[in-house]
Structure formats: structure tokens, C-alpha cells
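S.K.: Structure file work.tsv (TSV, C-alpha atoms) right here:
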```tsv
chain	number	residue	atom	x	y	z
A	1	MET	CA	237.34	75.83	-76.81
A	2	SER	CA	239.38	72.73	-76.00
A	3	THR	CA	243.16	73.01	-75.92
A	4	LYS	CA	243.60	69.25	-76.06
A	5	ARG	CA	245.11	67.65	-79.14
A	6	LEU	CA	242.59	66.00	-81.45
A	7	LEU	CA	242.85	62.27	-82.17
A	8	ILE	CA	241.11	61.24	-85.40
A	9	THR	CA	240.56	57.51	-85.84
A	10	ALA	CA	238.89	55.31	-88.45
A	11	GLY	CA	238.30	51.64	-89.06
A	12	CYS	CA	235.51	49.06	-88.96
A	13	SER	CA	233.71	47.50	-85.97
A	14	PHE	CA	237.06	46.84	-84.32
A	15	THR	CA	237.35	50.65	-84.04
A	16	GLU	CA	233.79	51.94	-83.66
A	17	GLN	CA	232.57	52.46	-80.10
A	18	CYS	CA	229.39	50.53	-80.83
A	19	SER	CA	226.84	49.12	-78.41
A	20	CYS	CA	228.29	45.62	-78.82
A	21	TYR	CA	231.20	46.63	-76.60
A	22	LYS	CA	231.01	46.89	-72.82
A	23	TRP	CA	234.51	48.39	-72.82
A	24	LEU	CA	236.39	51.14	-74.60
A	25	THR	CA	237.69	50.41	-78.07
A	26	TRP	CA	241.30	51.30	-78.83
A	27	PRO	CA	240.61	54.95	-79.86
A	28	GLY	CA	238.87	55.63	-76.56
A	29	ILE	CA	241.70	54.01	-74.62
A	30	ILE	CA	244.35	56.10	-76.37
A	31	ALA	CA	242.38	59.35	-76.02
A	32	HIS	CA	241.67	58.72	-72.33
A	33	ASP	CA	245.22	57.72	-71.44
A	34	ASN	CA	246.76	60.68	-73.26
A	35	GLY	CA	244.25	63.42	-72.44
A	36	MET	CA	243.13	63.93	-76.05
A	37	ASP	CA	239.88	64.94	-77.69
A	38	LEU	CA	238.54	62.15	-79.89
A	39	LEU	CA	236.85	62.02	-83.26
A	40	ASN	CA	236.22	58.32	-83.78
A	41	LEU	CA	234.98	57.64	-87.33
A	42	GLY	CA	234.97	53.87	-87.02
A	43	LYS	CA	231.97	52.20	-88.61
A	44	ALA	CA	230.90	48.58	-88.45
A	45	GLY	CA	231.35	46.89	-91.81
A	46	ALA	CA	233.43	49.74	-93.23
A	47	SER	CA	235.42	48.96	-96.33
A	48	ASN	CA	238.90	50.33	-96.88
A	49	SER	CA	237.69	52.69	-99.59
A	50	TYR	CA	235.09	54.05	-97.18
A	51	ILE	CA	237.79	54.53	-94.54
A	52	GLU	CA	239.91	56.41	-97.08
A	53	ASN	CA	237.01	58.71	-97.92
A	54	ILE	CA	236.01	59.46	-94.33
A	55	ILE	CA	239.60	60.23	-93.30
A	56	THR	CA	240.01	62.50	-96.33
A	57	ASP	CA	236.96	64.51	-95.27
A	58	ALA	CA	238.11	64.70	-91.64
A	59	VAL	CA	241.65	65.78	-92.54
A	60	ILE	CA	240.39	68.55	-94.80
A	61	GLU	CA	238.06	69.80	-92.05
A	62	HIS	CA	240.48	69.54	-89.12
A	63	LYS	CA	243.92	69.94	-90.73
A	64	ASP	CA	244.58	73.24	-88.92
A	65	LYS	CA	244.06	71.70	-85.45
A	66	ASP	CA	247.31	69.69	-85.37
A	67	PRO	CA	245.45	66.36	-85.25
A	68	LEU	CA	246.95	62.91	-84.81
A	69	VAL	CA	245.40	60.47	-87.31
A	70	MET	CA	245.28	56.72	-86.66
A	71	VAL	CA	243.70	54.18	-88.99
A	72	LEU	CA	243.09	50.48	-88.45
A	73	TRP	CA	242.37	49.14	-91.92
A	74	SER	CA	239.62	46.62	-92.58
A	75	GLN	CA	239.08	43.57	-94.79
A	76	PRO	CA	240.09	43.93	-98.45
A	77	ARG	CA	237.00	41.96	-99.54
A	78	ARG	CA	234.59	44.72	-98.51
A	79	VAL	CA	233.40	47.04	-101.29
A	80	ASN	CA	232.21	50.59	-100.67
A	81	ILE	CA	229.01	51.87	-102.33
A	82	ASN	CA	229.15	55.66	-102.50
A	83	ASP	CA	229.71	55.89	-98.72
A	84	LEU	CA	226.20	54.54	-98.18
A	85	GLY	CA	226.94	50.93	-97.45
A	86	THR	CA	229.27	47.99	-97.87
A	87	LEU	CA	228.88	45.07	-100.24
A	88	LEU	CA	229.94	41.81	-98.60
A	89	ARG	CA	228.77	39.43	-101.31
A	90	PRO	CA	228.05	39.87	-105.03
A	91	ALA	CA	224.71	41.47	-105.70
A	92	HIS	CA	222.19	39.41	-107.66
A	93	CYS	CA	222.78	41.53	-110.75
A	94	LEU	CA	226.51	40.81	-110.81
A	95	LYS	CA	228.33	37.75	-111.98
A	96	LYS	CA	230.56	36.04	-109.44
A	97	SER	CA	233.54	36.82	-111.63
A	98	ASP	CA	232.81	40.56	-111.30
A	99	ILE	CA	233.54	40.58	-107.56
A	100	PRO	CA	235.97	37.78	-106.71
A	101	TRP	CA	236.23	36.47	-103.17
A	102	TYR	CA	238.83	34.58	-101.26
A	103	GLU	CA	236.77	31.39	-101.16
A	104	ASP	CA	237.53	30.74	-104.82
A	105	PRO	CA	240.82	28.77	-104.77
A	106	ASP	CA	241.45	29.34	-108.47
A	107	ASN	CA	240.88	33.11	-108.55
A	108	LEU	CA	244.38	34.33	-107.76
A	109	GLU	CA	243.97	37.40	-109.97
A	110	GLY	CA	240.75	38.37	-108.22
A	111	VAL	CA	242.31	38.13	-104.76
A	112	TYR	CA	245.30	40.15	-105.96
A	113	LYS	CA	243.09	42.90	-107.39
A	114	ASN	CA	241.08	43.19	-104.17
A	115	LEU	CA	244.24	43.46	-102.10
A	116	LYS	CA	245.79	45.96	-104.53
A	117	ALA	CA	242.70	48.17	-104.25
A	118	SER	CA	243.05	48.23	-100.46
A	119	LEU	CA	246.76	48.98	-100.70
A	120	ARG	CA	245.94	51.86	-103.04
A	121	SER	CA	243.52	53.31	-100.47
A	122	MET	CA	246.16	52.93	-97.77
A	123	TRP	CA	248.82	54.69	-99.83
A	124	ARG	CA	246.56	57.55	-100.91
A	125	THR	CA	245.46	58.12	-97.33
A	126	LYS	CA	249.02	58.10	-96.00
A	127	ASN	CA	250.12	60.43	-98.80
A	128	LEU	CA	247.26	62.89	-98.20
A	129	VAL	CA	247.62	63.05	-94.41
A	130	GLU	CA	251.38	63.46	-94.49
A	131	SER	CA	251.16	66.10	-97.25
A	132	TYR	CA	249.52	68.32	-94.62
A	133	LYS	CA	252.39	67.48	-92.23
A	134	ILE	CA	249.97	65.67	-89.92
A	135	ASP	CA	251.16	62.85	-87.69
A	136	TYR	CA	249.84	59.55	-89.02
A	137	VAL	CA	249.84	55.93	-87.83
A	138	HIS	CA	248.15	52.99	-89.49
A	139	ASP	CA	248.04	49.24	-89.31
A	140	ILE	CA	246.08	46.37	-90.79
A	141	GLY	CA	243.28	45.25	-88.53
A	142	LEU	CA	242.35	41.91	-87.10
A	143	TRP	CA	240.43	40.00	-89.68
A	144	GLN	CA	237.55	37.97	-88.29
A	145	ILE	CA	238.77	34.77	-89.93
A	146	ASN	CA	241.90	33.29	-88.44
A	147	LEU	CA	244.12	30.32	-89.10
A	148	ASP	CA	243.46	29.18	-85.53
A	149	ASP	CA	239.76	28.85	-86.33
A	150	TRP	CA	240.39	25.77	-88.45
A	151	PRO	CA	240.03	22.50	-86.49
A	152	ASP	CA	243.20	21.06	-87.99
A	153	LYS	CA	244.81	23.32	-90.56
A	154	PRO	CA	243.60	25.40	-93.52
A	155	PRO	CA	242.81	23.53	-96.73
A	156	ARG	CA	245.82	23.14	-98.96
A	157	HIS	CA	244.27	25.20	-101.75
A	158	THR	CA	243.75	28.08	-99.29
A	159	LEU	CA	247.40	28.04	-98.22
A	160	ARG	CA	248.52	27.86	-101.85
A	161	LEU	CA	246.33	30.86	-102.67
A	162	ILE	CA	247.69	32.90	-99.77
A	163	ASN	CA	251.31	32.08	-100.56
A	164	SER	CA	250.82	32.82	-104.27
A	165	VAL	CA	249.34	36.24	-103.56
A	166	LEU	CA	252.09	36.99	-101.03
A	167	GLU	CA	254.71	36.32	-103.67
A	168	LYS	CA	252.94	38.39	-106.32
A	169	ILE	CA	252.11	41.37	-104.11
A	170	LYS	CA	255.79	41.89	-103.22
A	171	ASP	CA	256.31	43.35	-106.70
A	172	ASN	CA	253.38	45.75	-106.37
A	173	TRP	CA	254.26	49.46	-106.24
A	174	TYR	CA	251.88	50.26	-103.37
A	175	PHE	CA	253.25	47.40	-101.32
A	176	GLN	CA	256.80	48.58	-101.86
A	177	ASN	CA	255.96	52.16	-100.85
A	178	LEU	CA	253.96	51.43	-97.70
A	179	ASP	CA	256.78	49.89	-95.66
A	180	PHE	CA	254.76	46.75	-95.15
A	181	THR	CA	256.47	43.49	-94.35
A	182	ASN	CA	255.51	40.15	-95.80
A	183	SER	CA	253.75	39.23	-92.55
A	184	ASP	CA	251.74	42.47	-92.68
A	185	ILE	CA	250.42	41.54	-96.10
A	186	LYS	CA	249.66	38.02	-94.89
A	187	THR	CA	247.64	39.70	-92.16
A	188	ALA	CA	245.71	41.65	-94.78
A	189	ILE	CA	244.78	38.44	-96.55
A	190	TRP	CA	244.16	36.16	-93.64
A	191	GLY	CA	244.23	37.98	-90.34
A	192	ARG	CA	246.14	38.32	-87.11
A	193	TYR	CA	244.95	36.93	-83.82
A	194	SER	CA	244.51	38.86	-80.60
A	195	GLN	CA	242.11	38.43	-77.70
A	196	ILE	CA	238.66	37.74	-79.14
A	197	SER	CA	235.43	37.97	-77.18
A	198	LYS	CA	233.78	34.63	-76.45
A	199	ASP	CA	230.43	36.17	-77.44
A	200	ASP	CA	231.35	37.14	-81.01
A	201	ASP	CA	234.29	37.70	-83.36
A	202	HIS	CA	235.31	41.11	-81.99
A	203	PRO	CA	238.24	41.96	-79.70
A	204	ASP	CA	237.47	41.75	-76.01
A	205	ALA	CA	238.79	44.27	-73.46
A	206	LYS	CA	242.30	42.78	-73.57
A	207	GLY	CA	242.19	42.73	-77.35
A	208	GLN	CA	241.30	46.43	-77.46
A	209	GLU	CA	244.13	47.23	-75.05
A	210	TRP	CA	246.45	45.24	-77.32
A	211	LEU	CA	245.32	47.31	-80.30
A	212	ALA	CA	245.80	50.57	-78.38
A	213	ASP	CA	249.32	49.53	-77.40
A	214	LEU	CA	250.04	48.54	-81.01
A	215	MET	CA	249.08	51.97	-82.36
A	216	ILE	CA	250.79	53.96	-79.61
A	217	ASN	CA	253.99	51.93	-79.92
A	218	LYS	CA	254.07	52.54	-83.67
A	219	TYR	CA	253.65	56.27	-83.03
A	220	THR	CA	256.35	56.54	-80.36
A	221	LYS	CA	258.78	54.28	-82.20
A	222	ARG	CA	259.45	56.95	-84.79
A	223	PHE	CA	260.91	59.19	-82.10
A	224	GLU	CA	263.11	56.42	-80.75
A	225	GLU	CA	264.59	55.86	-84.21
A	226	VAL	CA	265.70	59.48	-84.69
A	227	ASN	CA	269.47	59.74	-84.97
A	228	PHE	CA	270.79	62.70	-83.01
A	229	ILE	CA	274.08	64.38	-83.92
A	230	TYR	CA	275.94	65.85	-80.96
A	231	ASP	CA	278.52	68.59	-81.33
```
Before anything else, please render the file you have as C-alpha cells.
M.R.:
Amino acid sequence: MSTKRLLITAGCSFTEQCSCYKWLTWPGIIAHDNGMDLLNLGKAGASNSYIENIITDAVIEHKDKDPLVMVLWSQPRRVNINDLGTLLRPAHCLKKSDIPWYEDPDNLEGVYKNLKASLRSMWRTKNLVESYKIDYVHDIGLWQINLDDWPDKPPRHTLRLINSVLEKIKDNWYFQNLDFTNSDIKTAIWGRYSQISKDDDHPDAKGQEWLADLMINKYTKRFEEVNFIYD
């Protein structure tokens, strides 16, 4: 029986050690560098509600093993279907208004609701994991669409939509209780850029190292911020 600490990770294709990578993804890097056992639950195309569910199951099963849980959240626009798949576009039986997407410049309420649902999953996951006194680190992942992808600059209606949602989400309860900054929420809507493979839209080896450093630094930072009282 292994005496190593267990690292439990979850996310989408940026996290899964899938065949598309010729290098370790960030969970593998962290586990290797820190001598940990790894349970990587990343799944390509995973929605945030799916990530919430899979982490819930893993925490319940492994809570007595002193695990470290790390989650790299996915795109808010993905919709989970009973843990069996992810809906990326409205099904033919649904009206467009039933599942709003970011491409609609007039659907501010739809964008807000999608983001709120993801924030709810993030808060519930954080609350569950920490209720078992398990160490937990999370961040919002690298969305595949990036401001730098536009040849000049994003369309004005897109920027207006982003800024409007940023202003509205600041009053949301989940936002206020997740210690997210305004830039973190902007990341959730639009994305943050790291090293991207030239072959597709996924992080290359340097990008995965960047993600590993991001998660480890967030974990170790909590110890640096402890205020010690000396007699």
C-alpha cells in the first residue's frame, strides 16, 4: 500500500493526460515533482457541473487518505448531461433562447446565467472539499478563445458584453464568496493566454509547466501568508 500523498485533479482537456499530448499535463508534472500518487479525473470537453460531480464522488471515496484536491475549471458554456456527455451547442429540440451562448451580443442575461451556474459549481465544490478539512486549490482554466486570436481587436459588441457581465457579476453572492478578482472573472468569460501548441488550441509543454506552477504557487502561498505570533 502506497504511503505517498494522493493528488486528485479534475478539469477538461487541459487537465486530462490524453493521447493528444506528447508531454505531461499539469497534474502529472505536480505529482512527479512532489512524489505523489495521482488520480487525474480530467476529461476532454468536461463541463463545470461534470467536474463538480466527479470531484464530489472522488472526495467521498478518498476523504480518509489526506488527499490534495486541485481543480482547473472549464468553460462556462459547456452543459453537462447526466455525466454522460457535454452539450456544446443547442440540441435540435431546443430553442436558441433555452441555451444562450456568448456569440449573441444582446443576450446579457443568458451569459450571466451561464457564468453564475459555473460559479455555483465552484463554490459547492470548494465548500464540500473544505468541509472534510481537505487541502484544496482551484483556478479558472485557459479558455480556447483568446483576445489575441482576433486579427485587430474584438468586436465592440463583444467587449460591451464582457464588460457588462463583469459589472453585474460583482454583485453575485458566489462571486463574492469565492475570492475571485475581476480579472479572474474576465478569464472565465474570455480566457487567459499561456503557451499554446502550434498544432491545436491546447497548452504545449511550456503551457503545462506554467499551469503546474500556477497551481503549486497558489497552494504554497497560503503558508507564506500565515501570521506567526512569537512569545
S.K.: First collect every listed atom of stretch 207-224 of chain A; then fit an axis-aligned box around them, widen it by 5 Å on each side, and give centre and edge lengths in Å to one decimal, as AutoDock Vina command-line options.
M.R.:
```
--center_x 252.2 --center_y 51.0 --center_z -79.9 --size_x 31.8 --size_y 26.5 --size_z 19.7
```
S.K.: Would you please work out which residue, of A:Ile169, A:Ala205, A:Ile51, A:Val137, is nearest to A:Lys221 when using all atoms listed in the file?
M.R.: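 Ranked by minimum distance to A:Lys221, first place goes to A:Val137.
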S.K.: With distances taken over all atoms listed in the file, which of A:Val111, A:Leu68, A:Leu24, A:Ile55 is nearest to A:Lys168?
M.R.: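 Going through A:Val111, A:Leu68, A:Leu24, A:Ile55 one by one, the smallest distance to A:Lys168 is for A:Val111.
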S.K.: One decimal, in Å: what's the spacing between atom CA of A:Asp171 and atom CA of A:Thr56?
M.R.: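 Straight-line distance from atom CA of A:Asp171 to atom CA of A:Thr56 works out to 27.2 Å.
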S.K.: Using only C-alpha atoms, can you tell me which of A:Lys218, A:Asn114, A:Trp123, A:Asp213 comes closest to A:Trp173?
M.R.: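 So, comparing all the options, the nearest one is A:Trp123.
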S.K.: Identify, on the basis of only C-alpha atoms, every residue whose closest approach to A:Asn127 does not exceed 10 Å; exclude the query and any residue fewer than 6 positions from it along the same chain; express the result as a compact mmCIF listing (two decimals) with C-alpha atoms, in the frame of the given file.
M.R.:
```
# COMPACT_ATOMS: atom_id res chain seq x y z
CA SER A 121 243.52 53.31 -100.47
CA LYS A 133 252.39 67.48 -92.23
CA TYR A 136 249.84 59.55 -89.02
CA LEU A 178 253.96 51.43 -97.70
```
S.K.: Hey, which of A:Gly141, A:Lys206, A:Asn80, A:Gln17 ends up closest to A:Asn53? Count all atoms listed in the file.
M.R.: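 With all atoms listed in the file as the atom set, the closest residue is A:Asn80.
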S.K.: Just the number, please: distance in Å from atom CA of A:His32 to atom CA of A:Glu52, one decimal.
M.R.: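 Distance between the two atoms: 24.9 Å.
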S.K.: Between atom CA of A:Leu6 and atom CA of A:Pro76, what is the spacing in Å?
M.R.: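 Between atom CA of A:Pro76 and atom CA of A:Leu6 the gap works out to 28.0 Å.
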S.K.: Do a neighbour search on A:His138 at 10 Å with only C-alpha atoms, toss out local chain neighbours closer than 2 positions, and write the hits as a list of chain:residue names.
M.R.: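 Residues meeting the cut-off are A:Thr9, A:Ala10, A:Gly11, A:Val69, A:Met70, A:Val71, A:Leu72, A:Trp73, A:Met122, A:Thr125, A:Lys126, A:Tyr136, A:Ile140, A:Gly141, A:Leu214, A:Met215, A:Lys218, A:Tyr219.
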S.K.: With only C-alpha atoms as the basis for distance, which of A:Lys170, A:Asn40, A:Gly28, A:Pro203 is at the shortest distance from A:Ala58?
M.R.: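 That would be A:Asn40, the residue with the smallest distance to A:Ala58.
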S.K.: Pick out the closest residue to A:Ala44 from this set: A:Arg5, A:Arg78, A:Arg222, A:His62. Count all atoms listed in the file.
M.R.: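 Of the candidates, the smallest distance to A:Ala44 is held by A:Arg78.
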S.K.: Mind checking which residues fall within 7 Å of A:Thr15, counting all atoms listed in the file, ignoring those fewer than 3 positions away in the same chain, and posting them as a PyMOL selection string?
M.R.: chain A and resi 10-12+25-27+42
S.K.: Counting all atoms listed in the file, which residues sit no farther than 7 Å from the position (232.8, 46.0, -88.5) in the file's frame? I'd like them as a short mmCIF file (atom, residue, chain, number, x, y, z; two decimals) with C-alpha atoms, in the coordinates of the input.
M.R.:
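Result file is part.cif:
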```
data_model
loop_
_atom_site.label_atom_id
_atom_site.label_comp_id
_atom_site.auth_asym_id
_atom_site.auth_seq_id
_atom_site.Cartn_x
_atom_site.Cartn_y
_atom_site.Cartn_z
CA CYS A 12 235.51 49.06 -88.96
CA SER A 13 233.71 47.50 -85.97
CA PHE A 14 237.06 46.84 -84.32
CA LYS A 43 231.97 52.20 -88.61
CA ALA A 44 230.90 48.58 -88.45
CA GLY A 45 231.35 46.89 -91.81
CA ALA A 46 233.43 49.74 -93.23
#
```
